[in-house]
>>> print(open('work.csv').read())   # CSV, C-alpha atoms
chain,number,residue,atom,x,y,z
A,8,MET,CA,19.3,30.4,3.4
A,9,ARG,CA,21.1,32.5,0.8
A,10,ARG,CA,24.2,30.4,1.1
A,11,PHE,CA,22.1,27.3,0.4
A,12,LEU,CA,20.5,28.9,-2.7
A,13,LEU,CA,23.8,30.2,-3.9
A,14,ALA,CA,25.3,26.8,-3.7
A,15,LEU,CA,22.6,25.6,-6.1
A,16,VAL,CA,23.0,28.4,-8.7
A,17,PRO,CA,25.7,26.9,-10.8
A,18,LEU,CA,24.2,23.5,-10.5
A,19,ALA,CA,20.8,24.8,-11.6
A,20,LEU,CA,22.4,25.6,-15.0
A,21,VAL,CA,23.2,22.0,-15.5
A,22,ALA,CA,21.0,20.4,-12.8
A,23,CYS,CA,17.6,19.2,-11.6
A,24,SER,CA,14.8,16.5,-12.6
A,25,THR,CA,14.3,12.6,-13.8
A,26,ALA,CA,15.3,9.6,-15.9
A,27,PRO,CA,13.2,8.4,-18.8
A,28,SER,CA,10.9,5.4,-18.1
A,29,GLY,CA,12.4,3.1,-20.7
A,30,ASP,CA,12.7,3.0,-24.5
A,31,PRO,CA,9.7,3.8,-26.7
A,32,ALA,CA,7.5,1.0,-27.8
A,33,PRO,CA,8.7,-0.5,-31.1
A,34,ASN,CA,5.7,0.6,-33.1
A,35,THR,CA,7.0,4.1,-33.6
A,36,SER,CA,6.6,6.5,-36.5
A,37,SER,CA,8.0,9.9,-37.6
A,38,PRO,CA,5.1,12.3,-38.2
A,39,PRO,CA,5.6,15.5,-40.1
A,40,ARG,CA,6.9,18.6,-38.4
A,41,GLY,CA,3.5,20.4,-38.4
A,42,ASP,CA,2.3,17.8,-35.9
A,43,LEU,CA,4.3,19.4,-33.1
A,44,ALA,CA,2.5,22.7,-33.4
A,45,LEU,CA,-0.9,20.9,-33.2
A,46,LEU,CA,0.3,18.9,-30.2
A,47,ALA,CA,1.7,21.9,-28.4
A,48,ASP,CA,-1.6,23.8,-29.0
A,49,ARG,CA,-3.7,20.9,-27.7
A,50,VAL,CA,-1.5,20.4,-24.6
A,51,GLU,CA,-1.6,24.0,-23.7
A,52,GLN,CA,-5.4,24.2,-24.2
A,53,ARG,CA,-6.0,21.2,-22.0
A,54,ARG,CA,-3.7,22.5,-19.3
A,55,THR,CA,-5.5,25.8,-19.3
A,56,GLU,CA,-8.9,24.2,-19.2
A,57,LEU,CA,-8.1,21.9,-16.3
A,58,ALA,CA,-5.9,24.4,-14.5
A,59,THR,CA,-4.9,22.4,-11.5
A,60,ALA,CA,-3.0,19.2,-10.7
A,61,SER,CA,-0.7,17.5,-8.2
A,62,PHE,CA,2.8,16.7,-9.4
A,63,ARG,CA,6.0,14.9,-8.7
A,64,THR,CA,9.3,16.0,-10.3
A,65,GLU,CA,12.5,14.0,-10.2
A,66,GLY,CA,15.8,15.5,-11.2
A,67,PHE,CA,19.4,14.7,-11.7
A,68,ALA,CA,22.5,16.6,-12.8
A,69,THR,CA,26.2,16.0,-12.9
A,70,ASP,CA,29.1,18.4,-13.4
A,71,GLY,CA,31.1,15.6,-15.1
A,72,GLN,CA,33.7,15.7,-12.3
A,73,GLY,CA,32.0,13.3,-9.9
A,74,LEU,CA,29.6,15.8,-8.3
A,75,ASP,CA,26.0,14.7,-8.7
A,76,VAL,CA,22.9,16.4,-7.6
A,77,SER,CA,19.5,14.8,-7.5
A,78,ASN,CA,16.1,16.2,-6.4
A,79,VAL,CA,12.6,15.1,-5.8
A,80,VAL,CA,9.8,17.6,-5.7
A,81,ASN,CA,6.2,17.0,-4.6
A,82,GLY,CA,3.4,19.5,-4.7
A,83,VAL,CA,0.3,21.0,-6.3
A,84,VAL,CA,0.0,23.6,-9.0
A,85,ARG,CA,-2.6,26.0,-10.4
A,86,TYR,CA,-2.3,27.6,-13.9
A,87,SER,CA,-4.4,30.7,-14.3
A,88,GLY,CA,-4.3,33.8,-16.5
A,89,GLY,CA,-0.9,32.8,-17.9
A,90,GLY,CA,0.5,32.7,-14.3
A,91,VAL,CA,1.4,29.8,-12.0
A,92,SER,CA,0.7,29.3,-8.3
A,93,ALA,CA,2.2,26.3,-6.5
A,94,SER,CA,3.1,24.8,-3.2
A,95,MET,CA,5.9,22.2,-3.1
A,96,ASP,CA,8.6,20.5,-1.0
A,97,MET,CA,11.9,20.0,-2.8
A,98,ASP,CA,14.4,17.4,-1.4
A,99,VAL,CA,17.9,18.0,-2.8
A,100,SER,CA,20.8,15.6,-2.3
A,101,THR,CA,24.3,16.4,-3.3
A,102,GLY,CA,27.0,13.8,-3.7
A,103,GLY,CA,24.9,11.1,-2.2
A,104,GLN,CA,24.5,13.0,1.1
A,105,ALA,CA,21.2,13.0,3.0
A,106,PRO,CA,18.7,15.3,1.3
A,107,ASN,CA,18.0,18.9,2.4
A,108,ARG,CA,14.4,20.0,2.2
A,109,THR,CA,13.3,23.3,0.7
A,110,SER,CA,9.6,24.3,0.8
A,111,LEU,CA,8.4,26.8,-1.7
A,112,VAL,CA,5.1,28.6,-2.2
A,113,LEU,CA,4.8,30.4,-5.6
A,114,VAL,CA,2.2,33.1,-5.8
A,115,PRO,CA,1.7,36.1,-8.2
A,116,GLY,CA,4.3,38.6,-7.3
A,117,GLY,CA,6.7,36.5,-5.3
A,118,THR,CA,7.8,33.3,-3.7
A,119,TYR,CA,8.0,32.1,-0.1
A,120,VAL,CA,11.0,29.9,0.7
A,121,ARG,CA,11.8,27.8,3.8
A,122,VAL,CA,15.1,25.9,4.0
A,123,ALA,CA,15.4,23.2,6.7
A,124,GLY,CA,18.1,24.2,9.1
A,125,ALA,CA,18.8,27.6,7.7
A,126,PRO,CA,19.6,30.4,10.1
A,127,MET,CA,16.6,32.8,10.4
A,128,PRO,CA,15.7,35.8,12.5
A,129,ALA,CA,13.9,34.8,15.8
A,130,GLY,CA,10.3,33.7,15.1
A,131,LYS,CA,10.7,33.6,11.4
A,132,GLU,CA,10.6,30.5,9.1
A,133,TRP,CA,10.0,31.8,5.6
A,134,GLY,CA,11.9,34.2,3.3
A,135,TYR,CA,9.9,36.2,0.8
A,136,TYR,CA,11.5,36.8,-2.6
A,137,THR,CA,10.2,39.2,-5.3
A,138,ALA,CA,11.3,39.9,-8.8
A,139,GLY,CA,13.9,42.4,-7.5
A,140,ASN,CA,15.7,40.0,-5.3
A,141,SER,CA,15.0,36.5,-6.6
A,142,ALA,CA,18.0,35.9,-9.0
A,143,GLU,CA,19.3,33.1,-6.8
A,144,LEU,CA,15.9,31.5,-6.5
A,145,GLY,CA,15.2,31.9,-10.2
A,146,ALA,CA,18.4,29.9,-10.9
A,147,LEU,CA,17.1,27.1,-8.7
A,148,LEU,CA,13.7,27.0,-10.3
A,149,ARG,CA,15.3,26.9,-13.8
A,150,GLY,CA,15.8,23.2,-13.0
A,151,PHE,CA,12.2,22.7,-14.1
A,152,GLY,CA,12.9,24.1,-17.5
A,153,PRO,CA,13.1,27.4,-19.4
A,154,SER,CA,10.1,29.1,-17.9
A,155,ALA,CA,11.5,28.2,-14.4
A,156,THR,CA,8.2,26.9,-13.0
A,157,VAL,CA,6.3,23.6,-12.5
A,158,GLY,CA,5.9,21.7,-15.7
A,159,ALA,CA,8.4,23.8,-17.6
A,160,GLU,CA,9.6,20.6,-19.3
A,161,LEU,CA,6.7,21.3,-21.6
A,162,ASP,CA,8.5,24.4,-22.9
A,163,TYR,CA,10.4,22.2,-25.2
A,164,LEU,CA,7.2,21.5,-27.2
A,165,GLN,CA,8.4,24.5,-29.3
A,166,PRO,CA,7.5,24.2,-33.0
A,167,ARG,CA,10.2,26.8,-33.9
A,168,ALA,CA,12.9,24.8,-32.3
A,169,ALA,CA,12.0,21.1,-32.0
A,170,LEU,CA,11.0,18.1,-34.2
A,171,ILE,CA,9.0,15.0,-33.3
A,172,VAL,CA,11.2,12.0,-34.1
A,173,ALA,CA,9.0,9.2,-32.7
A,174,ARG,CA,5.5,8.5,-31.5
A,175,ALA,CA,4.4,5.4,-29.6
A,176,THR,CA,1.5,4.0,-27.7
A,177,GLU,CA,2.3,3.1,-24.1
A,178,ASP,CA,0.7,2.4,-20.7
A,179,LEU,CA,1.5,4.9,-18.0
A,180,ASP,CA,0.4,3.7,-14.5
A,181,GLY,CA,-2.5,1.9,-16.1
A,182,VAL,CA,-3.6,4.8,-18.4
A,183,PRO,CA,-3.2,4.4,-22.1
A,184,VAL,CA,-1.0,7.2,-23.4
A,185,THR,CA,0.8,8.4,-26.5
A,186,ARG,CA,4.4,9.2,-26.1
A,187,TYR,CA,6.1,11.8,-28.3
A,188,ASP,CA,9.9,12.0,-28.5
A,189,LEU,CA,11.5,15.2,-29.7
A,190,VAL,CA,14.9,16.5,-30.6
A,191,VAL,CA,15.5,20.2,-29.8
A,192,ASP,CA,17.7,22.6,-31.8
A,193,THR,CA,19.4,24.3,-28.9
A,194,PHE,CA,20.4,27.5,-30.8
A,195,LYS,CA,16.8,27.8,-32.2
A,196,MET,CA,15.4,27.2,-28.7
A,197,ALA,CA,17.5,30.1,-27.4
A,198,LYS,CA,16.0,32.4,-29.9
A,199,THR,CA,12.5,31.6,-28.6
A,200,ILE,CA,13.3,32.5,-25.0
A,201,GLU,CA,12.7,36.0,-23.8
A,202,ASP,CA,14.5,35.8,-20.4
A,203,PRO,CA,18.1,37.0,-21.2
A,204,ASP,CA,19.8,34.7,-18.7
A,205,ILE,CA,17.9,31.6,-19.8
A,206,GLN,CA,18.5,32.6,-23.5
A,207,LEU,CA,22.3,32.9,-22.7
A,208,GLN,CA,22.2,29.5,-21.0
A,209,HIS,CA,20.8,27.8,-24.0
A,210,THR,CA,23.2,29.6,-26.4
A,211,GLN,CA,26.1,28.4,-24.2
A,212,LEU,CA,24.8,24.9,-24.1
A,213,ALA,CA,24.7,24.9,-27.9
A,214,GLU,CA,28.3,26.2,-28.1
A,215,TYR,CA,29.5,23.5,-25.7
A,216,GLY,CA,27.8,20.8,-27.9
A,217,VAL,CA,25.1,19.9,-25.4
A,218,LYS,CA,22.1,18.2,-27.1
A,219,ILE,CA,18.6,18.4,-25.8
A,220,ALA,CA,16.0,15.7,-26.1
A,221,ALA,CA,12.4,15.8,-24.7
A,222,SER,CA,9.4,13.6,-24.3
A,223,VAL,CA,5.8,14.1,-23.4
A,224,TRP,CA,3.1,11.5,-22.5
A,225,VAL,CA,-0.5,12.6,-23.2
A,226,ASP,CA,-3.9,10.8,-22.8
A,227,ASP,CA,-6.5,10.5,-25.5
A,228,THR,CA,-7.7,14.0,-24.8
A,229,SER,CA,-4.2,15.5,-25.0
A,230,VAL,CA,-3.9,16.1,-21.3
A,231,PRO,CA,-0.1,16.0,-20.4
A,232,LEU,CA,0.5,13.2,-17.8
A,233,LYS,CA,4.3,13.3,-17.9
A,234,ALA,CA,6.9,15.6,-19.5
A,235,GLU,CA,10.7,15.2,-19.5
A,236,TYR,CA,13.8,16.7,-21.0
A,237,ARG,CA,17.4,15.5,-21.1
A,238,PHE,CA,20.7,17.3,-21.7
A,239,GLU,CA,23.3,15.1,-23.3
A,240,LEU,CA,27.0,15.8,-23.7
A,241,ASP,CA,29.4,13.3,-25.5
A,242,GLY,CA,26.7,10.7,-25.4
A,243,LYS,CA,26.0,11.0,-21.7
A,244,VAL,CA,23.0,12.5,-19.9
A,245,VAL,CA,24.3,15.4,-17.7
A,246,LYS,CA,20.9,16.7,-16.7
A,247,ARG,CA,17.4,15.3,-16.6
A,248,SER,CA,14.0,16.6,-15.4
A,249,ALA,CA,10.7,14.8,-15.5
A,250,THR,CA,7.4,15.8,-14.0
A,251,ARG,CA,4.5,13.4,-13.5
A,252,PHE,CA,1.1,15.1,-13.3
A,253,ARG,CA,-2.0,13.5,-11.5
A,254,ASP,CA,-5.5,14.5,-10.6
A,255,TRP,CA,-5.9,17.2,-13.3
A,256,GLY,CA,-8.8,19.5,-12.5
A,257,GLY,CA,-9.0,18.4,-8.9
A,258,PRO,CA,-9.1,20.8,-5.9
A,259,VAL,CA,-5.8,22.5,-5.1
A,260,ASP,CA,-5.0,24.6,-2.1
A,261,VAL,CA,-1.9,26.8,-2.3
A,262,VAL,CA,-1.6,28.1,1.3
A,263,VAL,CA,0.4,31.3,1.8
A,264,PRO,CA,2.5,31.1,5.0
A,265,ASN,CA,1.5,33.0,8.1
A,266,GLN,CA,2.9,36.5,7.6
A,267,ALA,CA,4.1,36.6,11.2
A,268,GLN,CA,6.6,33.9,10.2
A,269,VAL,CA,7.8,35.7,7.1
A,270,VAL,CA,10.8,38.0,6.6
A,271,PRO,CA,11.8,39.8,3.4
A,272,ALA,CA,14.7,38.1,1.7
A,273,GLU,CA,17.0,41.1,2.3
A,274,GLU,CA,16.7,40.5,6.0
A,275,ILE,CA,17.8,36.9,6.0
A,276,PRO,CA,21.2,36.3,7.7
A,277,GLN,CA,24.1,36.0,5.2
>>> encode(input="work.csv", output="structure tokens")
Amino acid sequence: MRRFLLALVPLALVACSTAPSGDPAPNTSSPPRGDLALLADRVEQRRTELATASFRTEGFATDGQGLDVSNVVNGVVRYSGGGVSASMDMDVSTGGQAPNRTSLVLVPGGTYVRVAGAPMPAGKEWGYYTAGNSAELGALLRGFGPSATVGAELDYLQPRAALIVARATEDLDGVPVTRYDLVVDTFKMAKTIEDPDIQLQHTQLAEYGVKIAASVWVDDTSVPLKAEYRFELDGKVVKRSATRFRDWGGPVDVVVPNQAQVVPAEEIPQ
């Protein structure tokens, strides 16, 4: 399992999630900068109020040398007390090969991980990672965005680092929505991030000339239905991540694995 996670670490820095769903509608406008702070506050308020959702994340990354990684993640999430609990299946495909499935259960204090086909001690299916041994796992989860968790694409709604450049009315799977497109100042974004590794990542992205664009689709009550970011280098997208939320406020069951099938990460075969 560790070998699998390690293989994804460098790719997680320029890897993981989906393509935009077309150009914005032509009736766009460029609202003043203060609108982003209002939008970010409303989105966070509605996410906190509704607390639960199902989601699908699609991702893509390339190293620019012909190695492409794509992933599809399906699961459920619960936001509570500033924390996140989630259960998901992540299918990762490298270089067009058949996808390898990783199942994750995020709970306060740790994460349970099961990798299809990974060698495990007899009778064990899940590894348990905590803050002290989850550096490899954290790199994998950073594919979602700076806060390394479900819906982290919304982190780029950062008034101190981003600017709304367009707004359009669209239809998303039959639901009327407003799409906001943003440009993100990568250096300024780095300064808003507390995690030193993720801060360094964004500083390096800026130094290499990587540009960040983001979009969010909200309904008429500011519930986020989709969020996306794109890393662009020399005019090409090298990393994308998009999460589509459904059934906000619905019942969610984050099931912790049977402890008899769990082993601490330190005891997983190398």
>>> atom_distance(input="work.csv", atom1="CA of Val114 (chain A)", atom2="CA of Asn265 (chain A)")
13.9 Å
>>> residues_near_point(input="work.csv", point="(14.8, 19.9, -18.3)", cutoff="8 Å", atoms="all atoms listed in the file", output="list of chain:residue names")
A:Cys23, A:Ser24, A:Gly150, A:Phe151, A:Gly152, A:Pro153, A:Ala159, A:Glu160, A:Ala221, A:Glu235, A:Tyr236, A:Arg237, A:Phe238, A:Lys246, A:Arg247, A:Ser248, A:Ala249
>>> residues_around(input="work.csv", residues="region 96-111 of chain A", least_positions_apart="5", cutoff="7 Å", atoms="only C-alpha atoms", output="list in words")
Leu74, Asp75, Val76, Ser77, Asn78, Val79, Val80, Asn81, Gly82, Thr118, Tyr119, Val120, Arg121, Val122 and Ala123 of chain A
>>> residues_around(input="work.csv", residues="region 215-218 of chain A", least_positions_apart="6", cutoff="9 Å", atoms="all atoms listed in the file", output="VMD selection string")
chain A and resid 190 to 193 237 to 242 245
>>> closest_residue(input="work.csv", among="A:Ser61, A:Thr185, A:Ser154, A:Ser229", to="Thr199 (chain A)", atoms="all atoms listed in the file")
A:Ser154
>>> closest_residue(input="work.csv", among="A:Ala169, A:Leu45, A:Ile275, A:Val91", to="Thr59 (chain A)", atoms="all atoms listed in the file")
A:Val91
>>> atom_distance(input="work.csv", atom1="CA of Gly117 (chain A)", atom2="CA of Asp202 (chain A)")
17.0 Å
>>> closest_residue(input="work.csv", among="A:Pro271, A:Ser87, A:Phe194, A:Arg174", to="Glu214 (chain A)", atoms="only C-alpha atoms")
A:Phe194
>>> closest_residue(input="work.csv", among="A:Tyr136, A:Leu43, A:Gln268, A:Val259", to="Ser92 (chain A)", atoms="all atoms listed in the file")
A:Val259
>>> atom_distance(input="work.csv", atom1="CA of Lys243 (chain A)", atom2="CA of Asp180 (chain A)")
27.6 Å
>>> closest_residue(input="work.csv", among="A:Leu113, A:Leu189, A:Val184, A:Ala267", to="Gly145 (chain A)", atoms="only C-alpha atoms")
A:Leu113
>>> residues_around(input="work.csv", residues="Phe252 (chain A)", least_positions_apart="4", cutoff="8 Å", atoms="only C-alpha atoms", output="list in words")
Ala60, Ser61, Phe62, Arg63, Pro231, Leu232 and Lys233 of chain A
>>> closest_residue(input="work.csv", among="A:Glu56, A:Glu177, A:Asp204, A:Asp227", to="Gly257 (chain A)", atoms="all atoms listed in the file")
A:Glu56
>>> residues_around(input="work.csv", residues="Lys198 (chain A)", least_positions_apart="4", cutoff="10 Å", atoms="only C-alpha atoms", output="list in words")
Arg167, Ala168, Thr193, Phe194, Gln206, Leu207, His209 and Thr210 of chain A
>>> decode(input="work.csv", residues="region 40-58 of chain A", atoms="N, CA, C and O atoms", output="compact mmCIF listing (two decimals), in the first residue's frame")
# COMPACT_ATOMS: atom_id res chain seq x y z
N ARG A 40 -14.31 43.58 -6.95
CA ARG A 40 -13.58 42.60 -6.16
C ARG A 40 -14.31 42.23 -4.89
O ARG A 40 -14.26 41.09 -4.45
N GLY A 41 -15.00 43.17 -4.25
CA GLY A 41 -15.69 42.89 -3.00
C GLY A 41 -16.72 41.80 -3.10
O GLY A 41 -17.09 41.17 -2.10
N ASP A 42 -17.19 41.53 -4.31
CA ASP A 42 -18.20 40.49 -4.49
C ASP A 42 -17.68 39.11 -4.12
O ASP A 42 -18.44 38.24 -3.70
N LEU A 43 -16.37 38.88 -4.27
CA LEU A 43 -15.83 37.56 -3.95
C LEU A 43 -15.91 37.28 -2.46
O LEU A 43 -16.23 36.16 -2.06
N ALA A 44 -15.66 38.27 -1.64
CA ALA A 44 -15.77 38.07 -0.20
C ALA A 44 -17.20 37.72 0.19
O ALA A 44 -17.43 36.82 1.01
N LEU A 45 -18.17 38.40 -0.43
CA LEU A 45 -19.57 38.10 -0.15
C LEU A 45 -19.92 36.69 -0.63
O LEU A 45 -20.61 35.94 0.07
N LEU A 46 -19.47 36.35 -1.80
CA LEU A 46 -19.74 35.02 -2.35
C LEU A 46 -19.13 33.93 -1.47
O LEU A 46 -19.80 32.94 -1.14
N ALA A 47 -17.88 34.11 -1.07
CA ALA A 47 -17.21 33.11 -0.24
C ALA A 47 -17.93 32.93 1.09
O ALA A 47 -18.10 31.80 1.57
N ASP A 48 -18.38 34.02 1.67
CA ASP A 48 -19.10 33.94 2.95
C ASP A 48 -20.42 33.19 2.78
O ASP A 48 -20.78 32.34 3.62
N ARG A 49 -21.16 33.47 1.71
CA ARG A 49 -22.45 32.82 1.50
C ARG A 49 -22.27 31.32 1.23
O ARG A 49 -23.04 30.50 1.75
N VAL A 50 -21.28 30.99 0.42
CA VAL A 50 -21.04 29.58 0.12
C VAL A 50 -20.67 28.81 1.38
O VAL A 50 -21.18 27.71 1.64
N GLU A 51 -19.78 29.37 2.18
CA GLU A 51 -19.37 28.70 3.42
C GLU A 51 -20.54 28.57 4.39
O GLU A 51 -20.71 27.54 5.05
N GLN A 52 -21.36 29.61 4.47
CA GLN A 52 -22.54 29.56 5.34
C GLN A 52 -23.49 28.45 4.92
O GLN A 52 -23.96 27.66 5.75
N ARG A 53 -23.76 28.34 3.62
CA ARG A 53 -24.70 27.31 3.15
C ARG A 53 -24.11 25.91 3.31
O ARG A 53 -24.82 24.97 3.66
N ARG A 54 -22.82 25.77 3.08
CA ARG A 54 -22.18 24.47 3.27
C ARG A 54 -22.26 24.05 4.74
O ARG A 54 -22.51 22.88 5.04
N THR A 55 -22.06 25.00 5.63
CA THR A 55 -22.14 24.70 7.07
C THR A 55 -23.56 24.35 7.47
O THR A 55 -23.78 23.42 8.25
N GLU A 56 -24.54 25.08 6.95
CA GLU A 56 -25.94 24.83 7.31
C GLU A 56 -26.42 23.47 6.83
O GLU A 56 -27.08 22.73 7.57
N LEU A 57 -26.10 23.11 5.61
CA LEU A 57 -26.59 21.86 5.04
C LEU A 57 -25.75 20.66 5.45
O LEU A 57 -26.26 19.55 5.59
N ALA A 58 -24.47 20.86 5.61
CA ALA A 58 -23.54 19.93 6.27
C ALA A 58 -23.22 18.66 5.49
O ALA A 58 -22.09 18.17 5.56
